[in-house]
Structures are given as C-alpha cells and as structure tokens.
Amino acid sequence: MGEFVDIHSHVLPAVDDGSPSIEVSLEMLRRAAEENIGALVLTPHMKAGDGPEVEELHRVRFGELCQAVKEANVPVELHLGCEIAFRFNMLEVVSWPSGHLADGRYVLIDLPPGPLSPGLEQGFFELRSAGYRPILAHPERHRQLARDPDKMGRLREQDLLLQVNVGSLLGRFGARAQGIAEMIVSRGWADFVASDGHDL
C-alpha cells in the first residue's frame, strides 16, 4: 500500500465531469498506485440543486467500482465523499451518508466562480458549529479569492482548512494559479495537496 492519501479526486465513474467509465477509473487507480498513492477519497461534485437521489447514485457507483477494483486487484483503498458547491443548505448535504469525507468529520467545499457569497463565513461557521471540519478546495483557482490573500488568511484563522491542487503547483492552470498556490504553501497555509484528478 502506498504512503499517500489523495483526498480530492473525480474517479467515481459516470457521475460528473470526471471518469466516464469503470474502465477509465481502474486505469486512473492503477496510475495512482504507481505514484505511491495507497488510498483515495472519491469526491464527485455535488452541485446546488442536487438532492439525496444524486448522493444515492454516488453510493451505488461506489459499490460497483469497489467490486471492480477487488476483481482487478488494484492496490488502492477507496473511500467515498463529495465536493460540495457552496450552498445555503450545506448542513443538510453534509448529513447525507457520503456528504463528508471517508465517514469522518471533514467536508470538502468548492466555491462557485464569480463573486464571493456574503454568507461565506457564516456558512463555514455553521459547519464548524455542527462538529465538521470544512476544507476549501483549490482556493488558488478562485479568481476573486486569489486576488485577496488577506481574506484567505482570515478564513484560515477561523479554522478553515485549505487544499491546493498539485496541478496548480505544476503550472497546469496558468501562472496566476501557480503563484497563488506557491504563496499558500510558502505561508504554511496548505493543509492538503491533492490531485483533483478528473481523467487520465
């Protein structure tokens, strides 16, 4: 078993803009194992408006993928979660069986593009008050937040964890995202680095 855990990936097949099939998912997992990743949390998108039927579909596909991984003898341990688009009923969503990461108390949150919600800090406060640990996915890629490192710092001071994409550090999302990702790391704000892997 590899030594790394990838907490943000879109390997769950045919549910979002990630892997389109079990075959592609298996190949993604084989490559992850080759890169010394021993466990992945599958975090399909949970968009505003998605309800429990979408979450149930995720669990069904997760069971199918786990069976395929077992049969193919791929040496990666799988866990289920989701990447929740910031919304005003997040507490309901995180209470669903896969609304949090790997049956734990961590919750992966994605900020929609555009202006920051005026309810941003309140939303994260409500999650923390309910006993969850919110993780903000790839803040370096959010245009408005990336222009305001002080705001990012204030959120982190309020116990918001930050997850940087490895692709950002490698320059795959442009120089701006790379520079902000490097700043987050250099200031000691990067709690996680993850793949956010969508394809091969």
# chains A, B, ... in the order shown; residues from 1 in each chain; ligands from 1
call {"tool": "residues_around", "arguments": {"residues": "range 52-67 of chain A", "least_positions_apart": "4", "cutoff": "9 Å", "atoms": "only C-alpha atoms", "output": "PyMOL selection string"}}
result
chain A and resi 12-15+22+25-26+42+44+46+71-72+77-82+93+96-99
call {"tool": "select_by_dssp", "arguments": {"residues": "chain A", "states": "helix (DSSP H, G or I)", "output": "JSON, numbers by chain"}}
result
{"A": [22, 23, 24, 25, 26, 27, 28, 29, 30, 31, 32, 33, 34, 52, 53, 54, 55, 56, 57, 58, 59, 60, 61, 62, 63, 64, 65, 66, 67, 68, 69, 70, 71, 72, 90, 91, 92, 93, 94, 101, 102, 103, 120, 121, 122, 123, 124, 125, 126, 127, 128, 129, 139, 140, 141, 143, 144, 145, 146, 149, 150, 151, 152, 153, 154, 155, 156, 157, 166, 167, 168, 169, 175, 176, 177, 178, 179, 180, 181, 182, 183, 184, 185, 186]}
call {"tool": "residues_around", "arguments": {"residues": "Arg141 in chain A", "least_positions_apart": "6", "cutoff": "8 Å", "atoms": "only C-alpha atoms", "output": "PyMOL selection string"}}
result
chain A and resi 168+173+177
call {"tool": "write_last_selection", "arguments": {"atoms": "C-alpha atoms", "output": "PDB file, in the first residue's frame"}}
result
ATOM      1  CA  SER A 168      -1.698  24.360  -9.773  1.00  0.00           C
ATOM      2  CA  PHE A 173      -3.831  26.132 -14.544  1.00  0.00           C
ATOM      3  CA  ALA A 177      -2.970  29.946 -10.033  1.00  0.00           C
TER       4      ALA A 177
END
call {"tool": "closest_residue", "arguments": {"among": "A:Asp6, A:Gly171, A:Ala146, A:Ala137", "to": "Ala33 in chain A", "atoms": "only C-alpha atoms"}}
result
A:Asp6
call {"tool": "closest_residue", "arguments": {"among": "A:Leu161, A:Ile184, A:Leu120, A:Met152", "to": "Leu108 in chain A", "atoms": "only C-alpha atoms"}}
result
A:Leu161
